[in-house]
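A.B. asks: Here you go, this is my_file.cif (mmCIF, C-alpha atoms).
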data_run
loop_
_atom_site.label_atom_id
_atom_site.label_comp_id
_atom_site.auth_asym_id
_atom_site.auth_seq_id
_atom_site.Cartn_x
_atom_site.Cartn_y
_atom_site.Cartn_z
CA MET U 10 9.17 -127.50 8.05
CA GLN U 11 11.36 -126.08 5.31
CA CYS U 12 14.93 -127.18 5.81
CA GLU U 13 16.25 -124.66 3.31
CA ARG U 14 14.77 -121.23 3.35
CA THR U 15 12.79 -120.26 0.30
CA ILE U 16 14.63 -118.12 -2.23
CA ARG U 17 12.55 -115.24 -3.57
CA VAL U 18 13.32 -114.05 -7.09
CA LEU U 19 12.03 -111.07 -9.05
CA ILE U 20 12.01 -111.72 -12.80
CA ALA U 21 11.86 -108.36 -14.53
CA LYS U 22 11.74 -107.15 -18.11
CA PRO U 23 13.34 -103.72 -18.28
CA GLY U 24 12.84 -101.53 -21.32
CA LEU U 25 10.69 -101.66 -24.36
CA ASP U 26 10.95 -105.06 -26.00
CA GLY U 27 7.72 -107.00 -25.92
CA HIS U 28 8.93 -110.57 -25.77
CA ASP U 29 8.73 -112.41 -22.48
CA ARG U 30 8.72 -116.04 -23.52
CA GLY U 31 12.25 -116.44 -22.18
CA ALA U 32 11.40 -114.67 -18.92
CA LYS U 33 8.41 -116.96 -18.46
CA VAL U 34 10.45 -120.10 -19.16
CA ILE U 35 12.98 -119.02 -16.54
CA ALA U 36 10.24 -118.06 -14.07
CA ARG U 37 8.65 -121.47 -14.46
CA ALA U 38 11.97 -123.30 -14.14
CA LEU U 39 12.88 -121.44 -10.94
CA ARG U 40 9.43 -122.18 -9.56
CA ASP U 41 10.01 -125.86 -10.26
CA ALA U 42 13.33 -125.55 -8.44
CA GLY U 43 11.35 -124.57 -5.32
CA MET U 44 11.80 -120.80 -5.50
CA GLU U 45 9.13 -118.14 -5.15
CA VAL U 46 9.19 -116.18 -8.36
CA ILE U 47 7.58 -112.80 -8.73
CA TYR U 48 6.99 -111.83 -12.33
CA THR U 49 6.08 -108.20 -12.94
CA GLY U 50 5.30 -108.19 -16.65
CA LEU U 51 6.62 -106.27 -19.62
CA ARG U 52 8.12 -102.80 -20.04
CA GLN U 53 9.37 -101.98 -16.58
CA THR U 54 11.47 -98.94 -15.78
CA PRO U 55 14.58 -99.41 -13.63
CA GLU U 56 12.76 -97.46 -10.88
CA GLN U 57 9.79 -99.85 -10.96
CA ILE U 58 12.07 -102.87 -10.82
CA VAL U 59 14.04 -101.62 -7.82
CA GLU U 60 10.89 -100.57 -5.95
CA ALA U 61 9.25 -103.95 -6.58
CA ALA U 62 12.41 -105.71 -5.39
CA ILE U 63 12.28 -103.71 -2.15
CA GLN U 64 8.59 -104.36 -1.44
CA GLU U 65 8.95 -108.04 -2.25
CA ASP U 66 12.21 -108.31 -0.28
CA VAL U 67 13.71 -110.59 -2.91
CA ASP U 68 17.06 -112.37 -2.75
CA VAL U 69 17.58 -112.25 -6.50
CA ILE U 70 16.68 -109.97 -9.41
CA GLY U 71 16.74 -111.66 -12.82
CA LEU U 72 16.73 -109.19 -15.70
CA SER U 73 15.63 -110.38 -19.11
CA ILE U 74 16.33 -108.14 -22.06
CA LEU U 75 16.24 -108.59 -25.81
CA SER U 76 16.18 -105.01 -27.02
CA GLY U 77 19.88 -104.23 -26.93
CA ALA U 78 19.49 -101.52 -24.30
CA HIS U 79 21.22 -103.57 -21.59
CA ASN U 80 24.28 -101.30 -21.46
CA VAL U 81 22.03 -98.45 -20.34
CA LEU U 82 19.32 -100.18 -18.31
CA PHE U 83 21.39 -102.70 -16.33
CA PRO U 84 23.84 -100.08 -14.97
CA ARG U 85 20.92 -97.78 -14.13
CA ILE U 86 19.31 -100.51 -12.04
CA MET U 87 22.60 -101.15 -10.23
CA GLU U 88 22.96 -97.41 -9.61
CA LEU U 89 19.47 -97.19 -8.09
CA LEU U 90 20.13 -100.17 -5.83
CA LYS U 91 23.33 -98.52 -4.66
CA GLU U 92 21.53 -95.22 -4.02
CA LYS U 93 19.07 -97.05 -1.78
CA GLY U 94 21.90 -98.76 0.05
CA ILE U 95 20.92 -102.23 -1.10
CA ASP U 96 23.84 -104.59 -1.44
CA ASP U 97 22.32 -107.91 -0.46
CA ILE U 98 20.41 -108.66 -3.67
CA LEU U 99 22.03 -110.87 -6.28
CA VAL U 100 21.42 -109.37 -9.74
CA ILE U 101 21.73 -111.56 -12.82
CA GLY U 102 20.89 -110.88 -16.46
CA GLY U 103 19.94 -112.83 -19.52
CA GLY U 104 18.77 -112.46 -23.09
CA VAL U 105 20.33 -111.41 -26.33
CA ILE U 106 23.51 -109.83 -25.03
CA PRO U 107 26.76 -109.76 -27.06
CA HIS U 108 29.69 -111.43 -25.31
CA ASP U 109 31.76 -108.27 -25.71
CA ASP U 110 29.32 -106.37 -23.47
CA ILE U 111 29.45 -108.83 -20.59
CA PRO U 112 32.66 -107.60 -18.90
CA PHE U 113 31.23 -104.07 -18.70
CA LEU U 114 27.96 -105.33 -17.20
CA LYS U 115 29.84 -107.37 -14.63
CA LYS U 116 31.90 -104.34 -13.74
CA CYS U 117 28.64 -102.53 -13.00
CA GLY U 118 27.71 -105.23 -10.51
CA ILE U 119 25.69 -107.74 -12.51
CA ALA U 120 26.83 -111.03 -10.97
CA GLU U 121 26.41 -113.14 -14.10
CA VAL U 122 24.98 -112.89 -17.61
CA PHE U 123 23.33 -115.90 -19.19
CA THR U 124 23.09 -115.86 -22.97
CA PRO U 125 20.90 -118.05 -25.20
CA GLY U 126 21.73 -121.72 -24.97
CA THR U 127 22.55 -121.69 -21.26
CA PRO U 128 21.17 -124.83 -19.57
CA ILE U 129 18.57 -123.84 -17.01
CA SER U 130 20.20 -126.06 -14.39
CA GLN U 131 23.28 -123.83 -14.60
CA ILE U 132 21.19 -120.75 -13.71
CA ILE U 133 19.54 -122.55 -10.79
CA GLU U 134 22.92 -123.70 -9.48
CA PHE U 135 24.34 -120.21 -9.82
CA ILE U 136 21.48 -118.70 -7.84
CA LYS U 137 21.65 -121.33 -5.09
CA ASN U 138 25.40 -120.87 -4.70
CA ASN U 139 25.40 -117.09 -4.75
CA VAL U 140 22.38 -115.72 -2.85
CA LYS U 141 23.66 -113.19 -0.37
CA LYS U 142 21.12 -113.11 2.44
CA MET R 25 14.57 -102.58 17.54
CA GLU R 26 15.52 -101.44 14.07
CA LEU R 27 12.67 -103.03 12.12
CA VAL R 28 9.97 -101.71 14.43
CA ASP R 29 11.34 -98.16 14.29
CA GLY R 30 11.64 -98.44 10.52
CA ILE R 31 8.04 -99.55 10.12
CA LEU R 32 6.72 -96.80 12.38
CA LYS R 33 8.72 -94.33 10.28
CA LYS R 34 7.10 -95.76 7.15
CA ASP R 35 10.22 -97.41 5.78
CA LYS R 36 8.99 -99.88 3.18
CA ARG R 37 12.17 -101.93 3.36
CA ALA R 38 11.66 -102.56 7.05
CA ALA R 39 8.05 -103.62 6.45
CA ALA R 40 9.12 -105.89 3.60
CA ARG R 41 11.85 -107.49 5.69
CA LEU R 42 9.58 -108.14 8.64
CA ILE R 43 7.05 -109.84 6.36
CA THR R 44 9.85 -112.09 5.10
CA LEU R 45 10.82 -112.98 8.67
CA ILE R 46 7.18 -113.75 9.46
CA GLU R 47 7.00 -116.04 6.43
CA ARG R 48 10.14 -117.83 7.59
CA GLU R 49 8.72 -118.18 11.10
CA ASP R 50 11.83 -116.49 12.41
CA PRO R 51 11.66 -115.89 16.19
CA THR R 52 12.77 -112.26 15.79
CA ALA R 53 9.53 -111.64 13.89
CA ILE R 54 7.53 -112.39 17.04
CA ASP R 55 9.57 -109.83 19.02
CA ALA R 56 8.81 -107.17 16.42
CA LEU R 57 5.13 -108.08 16.25
CA LYS R 58 4.87 -107.77 20.03
CA LYS R 59 6.12 -104.20 19.84
CA LEU R 60 3.95 -103.31 16.86
CA TYR R 61 0.71 -104.66 18.27
CA LYS R 62 -0.34 -101.48 20.06
CA TYR R 63 -0.08 -99.55 16.78
CA THR R 64 -2.52 -101.82 14.98
CA GLY R 65 -6.28 -101.67 14.56
CA ASN R 66 -6.49 -98.53 12.46
CA SER R 67 -6.56 -100.01 8.97
CA ILE R 68 -9.67 -101.20 7.21
CA VAL R 69 -9.03 -104.68 5.84
CA ILE R 70 -10.83 -105.64 2.64
CA GLY R 71 -10.70 -109.16 1.23
CA ILE R 72 -11.06 -109.76 -2.49
CA THR R 73 -11.78 -113.35 -3.41
CA GLY R 74 -13.13 -115.35 -6.32
CA PRO R 75 -12.23 -118.04 -8.85
CA PRO R 76 -8.93 -118.00 -10.79
CA GLY R 77 -8.96 -115.60 -13.70
CA ALA R 78 -12.00 -113.69 -12.47
CA GLY R 79 -10.03 -110.45 -12.58
CA LYS R 80 -9.20 -110.04 -8.89
CA SER R 81 -5.80 -108.44 -9.47
CA SER R 82 -7.16 -106.04 -12.07
CA LEU R 83 -10.00 -105.05 -9.74
CA VAL R 84 -7.56 -104.53 -6.85
CA ASN R 85 -5.50 -102.31 -9.13
CA GLU R 86 -8.51 -100.17 -10.04
CA LEU R 87 -9.81 -100.02 -6.48
CA ALA R 88 -6.43 -98.99 -5.12
CA LYS R 89 -6.22 -96.20 -7.70
CA LYS R 90 -9.65 -94.97 -6.66
CA MET R 91 -8.66 -95.00 -2.97
CA ARG R 92 -5.47 -93.08 -3.78
CA GLU R 93 -7.52 -90.43 -5.61
CA LYS R 94 -9.28 -89.90 -2.30
CA GLY R 95 -5.94 -89.46 -0.56
CA LYS R 96 -5.97 -92.82 1.22
CA THR R 97 -2.93 -95.06 1.48
CA VAL R 98 -3.25 -98.70 0.48
CA GLY R 99 -1.36 -101.86 1.40
CA ILE R 100 -1.94 -104.86 -0.83
CA ILE R 101 -1.20 -108.49 -0.01
CA ALA R 102 -1.67 -110.69 -3.05
CA VAL R 103 -1.62 -114.41 -2.40
CA ASP R 104 -0.89 -117.01 -5.08
CA PRO R 105 -0.58 -120.78 -4.67
CA THR R 106 2.57 -122.66 -3.71
CA SER R 107 3.20 -125.85 -5.67
CA PRO R 108 2.55 -128.82 -3.40
CA PHE R 109 5.17 -130.74 -5.39
CA THR R 110 8.19 -128.44 -5.46
CA GLY R 111 7.40 -125.80 -2.82
CA GLY R 112 7.96 -123.15 -5.47
CA ALA R 113 5.47 -120.53 -6.57
CA LEU R 114 4.90 -118.17 -9.45
CA LEU R 115 3.52 -114.93 -8.09
CA GLY R 116 2.02 -112.94 -10.93
CA ASP R 117 -0.45 -110.56 -9.34
CA ARG R 118 1.87 -107.57 -9.72
CA ILE R 119 1.56 -107.78 -13.51
CA ARG R 120 -1.88 -106.15 -13.25
CA MET R 121 -0.67 -103.60 -10.72
CA GLN R 122 2.37 -102.18 -12.50
CA GLU R 123 1.09 -98.63 -12.44
CA LEU R 124 0.90 -98.69 -8.63
CA THR R 125 4.52 -99.71 -8.05
CA LEU R 126 6.03 -96.25 -7.75
CA ASP R 127 3.20 -94.67 -5.77
CA PRO R 128 4.63 -93.80 -2.33
CA GLY R 129 1.21 -94.39 -0.74
CA ILE R 130 1.05 -97.99 -1.96
CA PHE R 131 2.82 -101.11 -0.75
CA ILE R 132 2.32 -104.37 -2.62
CA ARG R 133 3.49 -107.72 -1.35
CA SER R 134 3.11 -110.96 -3.27
CA MET R 135 2.78 -113.92 -0.95
CA ALA R 136 2.89 -117.63 -1.65
CA SER R 137 0.30 -119.74 0.16
CA ARG R 138 3.02 -122.12 1.48
CA GLY R 139 0.78 -125.05 2.18
CA SER R 140 -2.25 -123.24 3.58
CA LEU R 141 -5.44 -124.37 1.90
CA GLY R 142 -7.87 -121.65 2.97
CA GLY R 143 -7.10 -119.17 0.20
CA ILE R 144 -4.55 -117.12 2.13
CA ALA R 145 -1.17 -117.88 3.71
CA LYS R 146 -0.38 -118.44 7.37
CA ALA R 147 1.76 -115.30 7.27
CA THR R 148 -1.09 -113.18 5.92
CA TYR R 149 -2.53 -112.53 9.39
CA ASP R 150 0.66 -111.05 10.77
CA ALA R 151 1.55 -109.29 7.51
CA VAL R 152 -1.74 -107.42 7.86
CA ASN R 153 -0.60 -106.24 11.29
CA VAL R 154 2.67 -105.03 9.81
CA LEU R 155 0.91 -102.92 7.17
CA ASP R 156 -1.58 -101.75 9.78
CA ALA R 157 1.19 -100.52 12.08
CA PHE R 158 2.90 -99.03 9.02
CA GLY R 159 -0.13 -96.74 8.82
CA MET R 160 -1.98 -97.88 5.70
CA ASP R 161 -5.59 -96.60 5.62
CA TYR R 162 -6.74 -99.63 3.68
CA ILE R 163 -5.29 -103.11 3.40
CA ILE R 164 -6.54 -105.16 0.48
CA ILE R 165 -5.96 -108.90 0.59
CA GLU R 166 -6.30 -110.72 -2.69
CA THR R 167 -6.76 -114.44 -2.10
CA VAL R 168 -5.56 -117.22 -4.35
CA GLY R 169 -8.09 -118.14 -7.00
CA VAL R 170 -10.61 -120.05 -4.91
CA GLY R 171 -13.17 -122.74 -5.56
CA GLN R 172 -15.99 -123.06 -3.09
CA THR R 173 -14.70 -123.65 0.41
CA GLU R 174 -11.53 -121.60 0.77
CA ILE R 175 -12.96 -118.95 3.01
CA ASP R 176 -10.20 -118.16 5.54
CA ILE R 177 -10.37 -114.59 4.27
CA VAL R 178 -13.33 -113.97 6.59
CA LYS R 179 -11.04 -114.60 9.55
CA VAL R 180 -8.82 -111.68 8.64
CA ALA R 181 -10.85 -109.17 6.63
CA ASP R 182 -13.34 -106.60 7.91
CA MET R 183 -15.36 -107.13 4.77
CA VAL R 184 -15.22 -109.37 1.72
CA VAL R 185 -15.86 -108.70 -1.95
CA VAL R 186 -16.56 -111.87 -3.92
CA VAL R 187 -15.63 -111.50 -7.57
CA LEU R 188 -17.53 -113.68 -10.02
CA VAL R 189 -17.60 -113.90 -13.79
CA PRO R 190 -20.30 -115.07 -16.20
CA GLY R 191 -20.20 -118.55 -17.63
CA LEU R 192 -18.99 -120.68 -14.73
CA GLY R 193 -22.06 -122.77 -14.03
CA ASP R 194 -25.80 -122.93 -13.65
CA ASP R 195 -28.01 -121.37 -11.01
CA VAL R 196 -27.51 -124.24 -8.56
CA GLN R 197 -23.90 -123.06 -8.15
CA ALA R 198 -25.25 -119.84 -6.71
CA ILE R 199 -27.15 -121.53 -3.91
CA LYS R 200 -24.36 -123.84 -2.83
CA ALA R 201 -22.67 -123.21 0.48
CA GLY R 202 -19.23 -121.70 1.05
CA ILE R 203 -17.83 -118.78 -0.83
CA MET R 204 -21.24 -117.43 -1.86
CA GLU R 205 -22.13 -116.95 1.80
CA ILE R 206 -19.19 -114.79 2.79
CA ALA R 207 -19.76 -111.88 0.42
CA ASP R 208 -20.54 -108.44 1.76
CA ILE R 209 -20.48 -107.26 -1.83
CA PHE R 210 -20.59 -109.17 -5.11
CA ALA R 211 -18.65 -107.91 -8.10
CA VAL R 212 -19.72 -109.44 -11.40
CA ASN R 213 -16.56 -108.76 -13.40
CA LYS R 214 -16.11 -109.07 -17.18
CA SER R 215 -19.72 -107.95 -17.25
CA ASP R 216 -19.43 -106.97 -20.90
CA ARG R 217 -19.55 -110.69 -21.63
CA GLU R 218 -22.61 -112.72 -22.40
CA GLY R 219 -24.39 -114.09 -19.37
CA ALA R 220 -23.58 -111.25 -16.96
CA ASP R 221 -27.20 -110.26 -16.46
CA LYS R 222 -28.17 -113.87 -15.94
CA LEU R 223 -25.48 -114.22 -13.28
CA VAL R 224 -26.75 -111.09 -11.52
CA THR R 225 -30.27 -112.56 -11.52
CA GLU R 226 -28.97 -115.84 -10.10
CA ILE R 227 -27.14 -114.07 -7.28
CA GLU R 228 -30.25 -111.98 -6.58
CA MET R 229 -32.30 -115.16 -6.35
CA MET R 230 -29.76 -116.70 -4.00
CA LEU R 231 -29.92 -113.58 -1.83
CA ASP R 232 -33.73 -113.70 -1.82
CA LEU R 233 -33.51 -117.11 -0.20
CA SER R 234 -30.91 -116.30 2.42
CA GLN R 235 -31.61 -115.09 5.90
CA ASN R 236 -29.25 -112.23 6.45
CA GLU R 237 -28.76 -111.22 10.05
CA LEU R 238 -28.00 -107.66 8.98
CA ASP R 239 -30.66 -105.66 7.27
CA LEU R 240 -28.05 -104.89 4.66
CA ARG R 241 -28.36 -107.09 1.63
CA PRO R 242 -25.06 -107.61 -0.21
CA PRO R 243 -25.19 -105.39 -3.29
CA ILE R 244 -24.16 -106.69 -6.71
CA VAL R 245 -21.95 -104.45 -8.82
CA LYS R 246 -21.23 -105.09 -12.49
CA THR R 247 -17.65 -104.27 -13.40
CA VAL R 248 -15.19 -104.47 -16.28
CA ALA R 249 -11.90 -104.07 -14.43
CA THR R 250 -9.73 -103.70 -17.52
CA SER R 251 -11.62 -100.62 -18.67
CA GLY R 252 -12.51 -99.26 -15.24
CA ILE R 253 -16.25 -99.71 -15.67
CA GLY R 254 -18.21 -100.01 -12.43
CA ILE R 255 -15.24 -99.21 -10.20
CA ASP R 256 -16.75 -95.97 -8.91
CA GLU R 257 -19.85 -97.86 -7.91
CA LEU R 258 -17.85 -100.69 -6.32
CA GLU R 259 -15.82 -98.22 -4.28
CA ALA R 260 -19.00 -96.42 -3.25
CA LYS R 261 -20.61 -99.69 -2.13
CA ILE R 262 -17.51 -100.57 -0.11
CA SER R 263 -17.58 -97.20 1.67
CA GLU R 264 -21.31 -97.54 2.24
CA HIS R 265 -20.90 -100.98 3.75
CA LEU R 266 -18.06 -99.78 5.96
CA SER R 267 -19.99 -96.83 7.35
CA TYR R 268 -22.92 -99.13 7.96
CA ILE R 269 -20.95 -101.75 9.90
CA GLN R 270 -19.09 -99.05 11.80
CA TYR R 271 -22.31 -97.25 12.70
CA LYS R 272 -24.09 -100.43 13.76
CA GLY R 273 -21.16 -101.61 15.85
CA VAL R 274 -20.83 -104.69 13.65
CA LEU R 275 -17.21 -103.95 12.80
CA GLU R 276 -16.23 -103.74 16.44
CA GLN R 277 -18.06 -106.97 17.17
CA LYS R 278 -16.45 -108.73 14.20
CA ARG R 279 -13.00 -107.59 15.28
CA LYS R 280 -13.55 -108.81 18.83
CA GLU R 281 -14.55 -112.21 17.50
CA LYS R 282 -11.51 -112.32 15.26
CA THR R 283 -9.18 -111.38 18.10
CA ARG R 284 -10.75 -114.10 20.18
CA GLU R 285 -10.41 -116.70 17.46
CA LYS R 286 -6.80 -115.75 16.80
CA PHE R 287 -5.92 -115.92 20.49
CA MET R 288 -7.62 -119.31 20.84
CA GLU R 289 -5.65 -120.62 17.88
CA LEU R 290 -2.45 -119.32 19.44
CA ILE R 291 -3.24 -121.03 22.75
CA LYS R 292 -4.14 -124.32 21.07
CA PHE R 293 -1.00 -124.26 18.97
CA HIS R 294 1.35 -123.62 21.87
CA ILE R 295 -0.35 -125.85 24.41
CA SER R 296 -0.33 -128.80 22.05
CA LYS R 297 3.29 -128.04 21.23
CA ILE R 298 4.22 -128.12 24.92
CA ILE R 299 2.25 -131.29 25.56
CA PHE R 300 3.88 -133.08 22.65
CA GLN R 301 7.28 -131.93 23.85
CA GLU R 302 6.89 -132.73 27.53
CA LYS R 303 4.60 -135.74 27.50
CA GLY R 304 6.07 -137.29 24.39
CA ASN R 305 7.11 -140.49 26.19
CA ILE R 306 3.75 -141.02 27.84
CA ILE R 307 1.99 -140.41 24.53
CA GLU R 308 4.21 -142.93 22.74
CA ASN R 309 3.64 -145.56 25.43
CA LEU R 310 -0.11 -145.05 25.35
CA LEU R 311 0.03 -145.27 21.57
CA LYS R 312 1.72 -148.67 21.78
CA ASP R 313 -1.00 -149.90 24.13
CA ILE R 314 -3.67 -148.59 21.81
CA SER R 315 -2.11 -150.40 18.84
CA ASN R 316 -1.90 -153.63 20.87
CA LYS R 317 -5.54 -153.24 21.93
CA VAL R 318 -4.47 -153.12 25.58
CA ILE R 319 -6.33 -149.86 25.94
CA ASP R 320 -8.81 -147.91 23.83
CA PRO R 321 -7.93 -144.39 22.60
CA TYR R 322 -10.62 -142.71 24.73
CA THR R 323 -9.40 -144.16 28.01
CA ALA R 324 -5.82 -143.45 26.95
CA MET R 325 -6.80 -139.82 26.39
CA GLU R 326 -8.32 -139.63 29.88
CA LYS R 327 -5.14 -141.09 31.35
CA LEU R 328 -3.03 -138.54 29.54
CA LEU R 329 -5.28 -135.72 30.73
CA GLN R 330 -4.91 -136.90 34.32
CA CYS R 331 -1.14 -136.91 33.97
CA ILE R 332 -1.21 -133.35 32.61
CA LEU R 333 -3.60 -132.03 35.26
CA LYS R 334 -1.65 -133.63 38.10
CA GLY R 335 1.54 -132.29 36.60
CA GLU R 336 3.09 -135.74 36.47
#
How does this structure look as structure tokens?
C.D. replies:
Amino acid sequence: MQCERTIRVLIAKPGLDGHDRGAKVIARALRDAGMEVIYTGLRQTPEQIVEAAIQEDVDVIGLSILSGAHNVLFPRIMELLKEKGIDDILVIGGGVIPHDDIPFLKKCGIAEVFTPGTPISQIIEFIKNNVKK
Amino acid sequence: MELVDGILKKDKRAAARLITLIEREDPTAIDALKKLYKYTGNSIVIGITGPPGAGKSSLVNELAKKMREKGKTVGIIAVDPTSPFTGGALLGDRIRMQELTLDPGIFIRSMASRGSLGGIAKATYDAVNVLDAFGMDYIIIETVGVGQTEIDIVKVADMVVVVLVPGLGDDVQAIKAGIMEIADIFAVNKSDREGADKLVTEIEMMLDLSQNELDLRPPIVKTVATSGIGIDELEAKISEHLSYIQYKGVLEQKRKEKTREKFMELIKFHISKIIFQEKGNIIENLLKDISNKVIDPYTAMEKLLQCILKGE
């Protein structure tokens, strides 16, 4: 029945900031774009995020972070994925992330970083064009 | 077969991938399920159902923790609704189960209902078999938030806990048909709220009126999932019910019926598929005649049956 196969996305909030309005807006928008979005709630460790991604067999992990700890947490998540031999999940990030930090995050394997003001349609397009499975 | 070996060796990635293939109705999933079938039948399957916001996820979280304390492994399938408009879904049951994520004896899978209206997804049946073959002692299925008639959970679970909360309606609600009839155990959650005792009384009254074929009356347990109140009792009632249905042979009987039903469904599905494929022309021609009032649908049906039986 489904002509395109359903894209599964894990929206995760790593670290200690307690604001998930942005994550929820994205989750809702991806849902409306026909994706299955798993939201795991606030304050997740990189280990929890990677384990949830495995059990849910997602195509995409979307990391939302506002605390400023992205330079530590994002690379850690990429490291854990690598350790588990997972290379078919598209990882993207968003939130309050200075532009100067983006090249480093991309070097670690984050496919794209979306900062405030990004149109949601751009994120949806990016996901649809870049899912690996 | 890589996936099958992986699952038998308790590789969660393999289990997760096979569930995805099942959801996609990928033909390779059937091959894997064929090989896994002989390893199934060892898990106890518990359904948790109830209206949206009743606290099903929180209760599942607490129950799973209790089962883990007893050294049992737990697979969880949490179903949430798919949007009929966009085909998308927001699966949020894991939010209440964060503390279980890293437990090696737990596997949680969020599942979108993908068009099924009975409270679970089409893929739920086979996903249960995957977790069963994986070796989980218990499999808990959390249905979508249900209203009154979404009771497909009885077709897959060995026993069902219906979760209710105070304040949803008067005592006539309790004697209506549907979801109230499928409970092996009632959990009155958020029981620290006003009206909990009244709800318990209403369920008791409903049970007084019903003719239960077993001499086991569904117990009612008051819980507050968010603070863990009543969970010990709920777990105890579940174990009690399980030993009872095992001892009385009810479980075996139930499972035989379920196997039968599932096999019948499979036959119906494939036979109708073949008929529509192979007799498509005849069906279309008959349909034209029916529309033009040349023939009535009942006679047309008999004609079609004759064609099929004669192998024309």
A.B. asks: Check every residue of chain R for an atom within 12 Å of chain U, counting only C-alpha atoms, and provide those that qualify as number ranges by chain.
C.D. replies: R: 35-45, 47-50, 99-128, 130-139, 155
A.B. asks: My list of candidates is U:Leu25, U:Val105, U:Ile20, U:Ile136. Which is closest to Gly71 (chain U) when distances are computed with all atoms listed in the file?
C.D. replies: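 Of all the options, U:Ile20 lies closest to Gly71 (chain U).
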A.B. asks: I need the output of the PyMOL selection byres ((chain U and resi 124) around 9) for this file as a list in words; which residues are they?
C.D. replies: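 For this structure, the PyMOL selection byres ((chain U and resi 124) around 9) resolves to Gly102, Gly103, Gly104, Val105, Ile106, Pro107, His108, Val122, Phe123, Pro125, Gly126 and Thr127 of chain U.
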A.B. asks: Could you write out as a PyMOL selection string the residues that the PyMOL selection byres ((chain R and resi 174-182) around 7) matches in the shown file?
C.D. replies: chain R and resi 68-71+141-144+149+170-173+183-184+203+275+282
A.B. asks: One decimal, Å: what's the distance from CA of Asp216 (chain R) over to CA of Gly254 (chain R), could you say?
C.D. replies: 11.0 Å
A.B. asks: Between CA of Pro242 (chain R) and CA of Ala220 (chain R), measure the distance and give it in Å to one decimal.
C.D. replies: 17.2 Å
A.B. asks: If the PyMOL selection byres ((chain U and resi 26) around 10) is run on the structure shown, which residues does it catch, given as number ranges by chain?
C.D. replies: U: 22-25, 27-29, 51-52, 73-78
A.B. asks: Find the distance between CA of Thr97 (chain R) and CA of Ser67 (chain R) and write it in Å to one decimal.
C.D. replies: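 Separation between CA of Thr97 (chain R) and CA of Ser67 (chain R): 9.7 Å.
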A.B. asks: Which residue gives the smallest distance to Lys116 (chain U) among U:Gly31, U:Pro55, U:Gly94, U:Pro84, with all atoms listed in the file counted?
C.D. replies: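 Of U:Gly31, U:Pro55, U:Gly94, U:Pro84, the one nearest Lys116 (chain U) is U:Pro84, counting all atoms listed in the file.
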A.B. asks: Contacts of Lys33 (chain R) at 10 Å or less, counting only C-alpha atoms, minus same-chain residues fewer than 4 places along, as a list of chain:residue names?
C.D. replies: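 My reading of the contact set: R:Leu27, R:Val28, R:Asp29, R:Ala38, R:Ala157, R:Phe158, R:Gly159.
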A.B. asks: Grab the residues selected above and save them as an mmCIF file, in the frame of the given file with C-alpha atoms.
C.D. replies:
data_model
loop_
_atom_site.group_PDB
_atom_site.id
_atom_site.type_symbol
_atom_site.label_atom_id
_atom_site.label_comp_id
_atom_site.auth_asym_id
_atom_site.auth_seq_id
_atom_site.Cartn_x
_atom_site.Cartn_y
_atom_site.Cartn_z
ATOM 1 C CA LEU R 27 12.670 -103.030 12.120
ATOM 2 C CA VAL R 28 9.970 -101.710 14.430
ATOM 3 C CA ASP R 29 11.340 -98.160 14.290
ATOM 4 C CA ALA R 38 11.660 -102.560 7.050
ATOM 5 C CA ALA R 157 1.190 -100.520 12.080
ATOM 6 C CA PHE R 158 2.900 -99.030 9.020
ATOM 7 C CA GLY R 159 -0.130 -96.740 8.820
#
A.B. asks: Grab all the atoms of region 162-168 of chain R that the file lists, wrap them in a box along x, y and z, add 5 Å per side, and give me centre plus edge lengths in Å (one decimal) as lines of an AutoDock Vina configuration file.
C.D. replies:
center_x = -6.0
center_y = -108.4
center_z = -0.3
size_x = 11.5
size_y = 27.6
size_z = 18.0
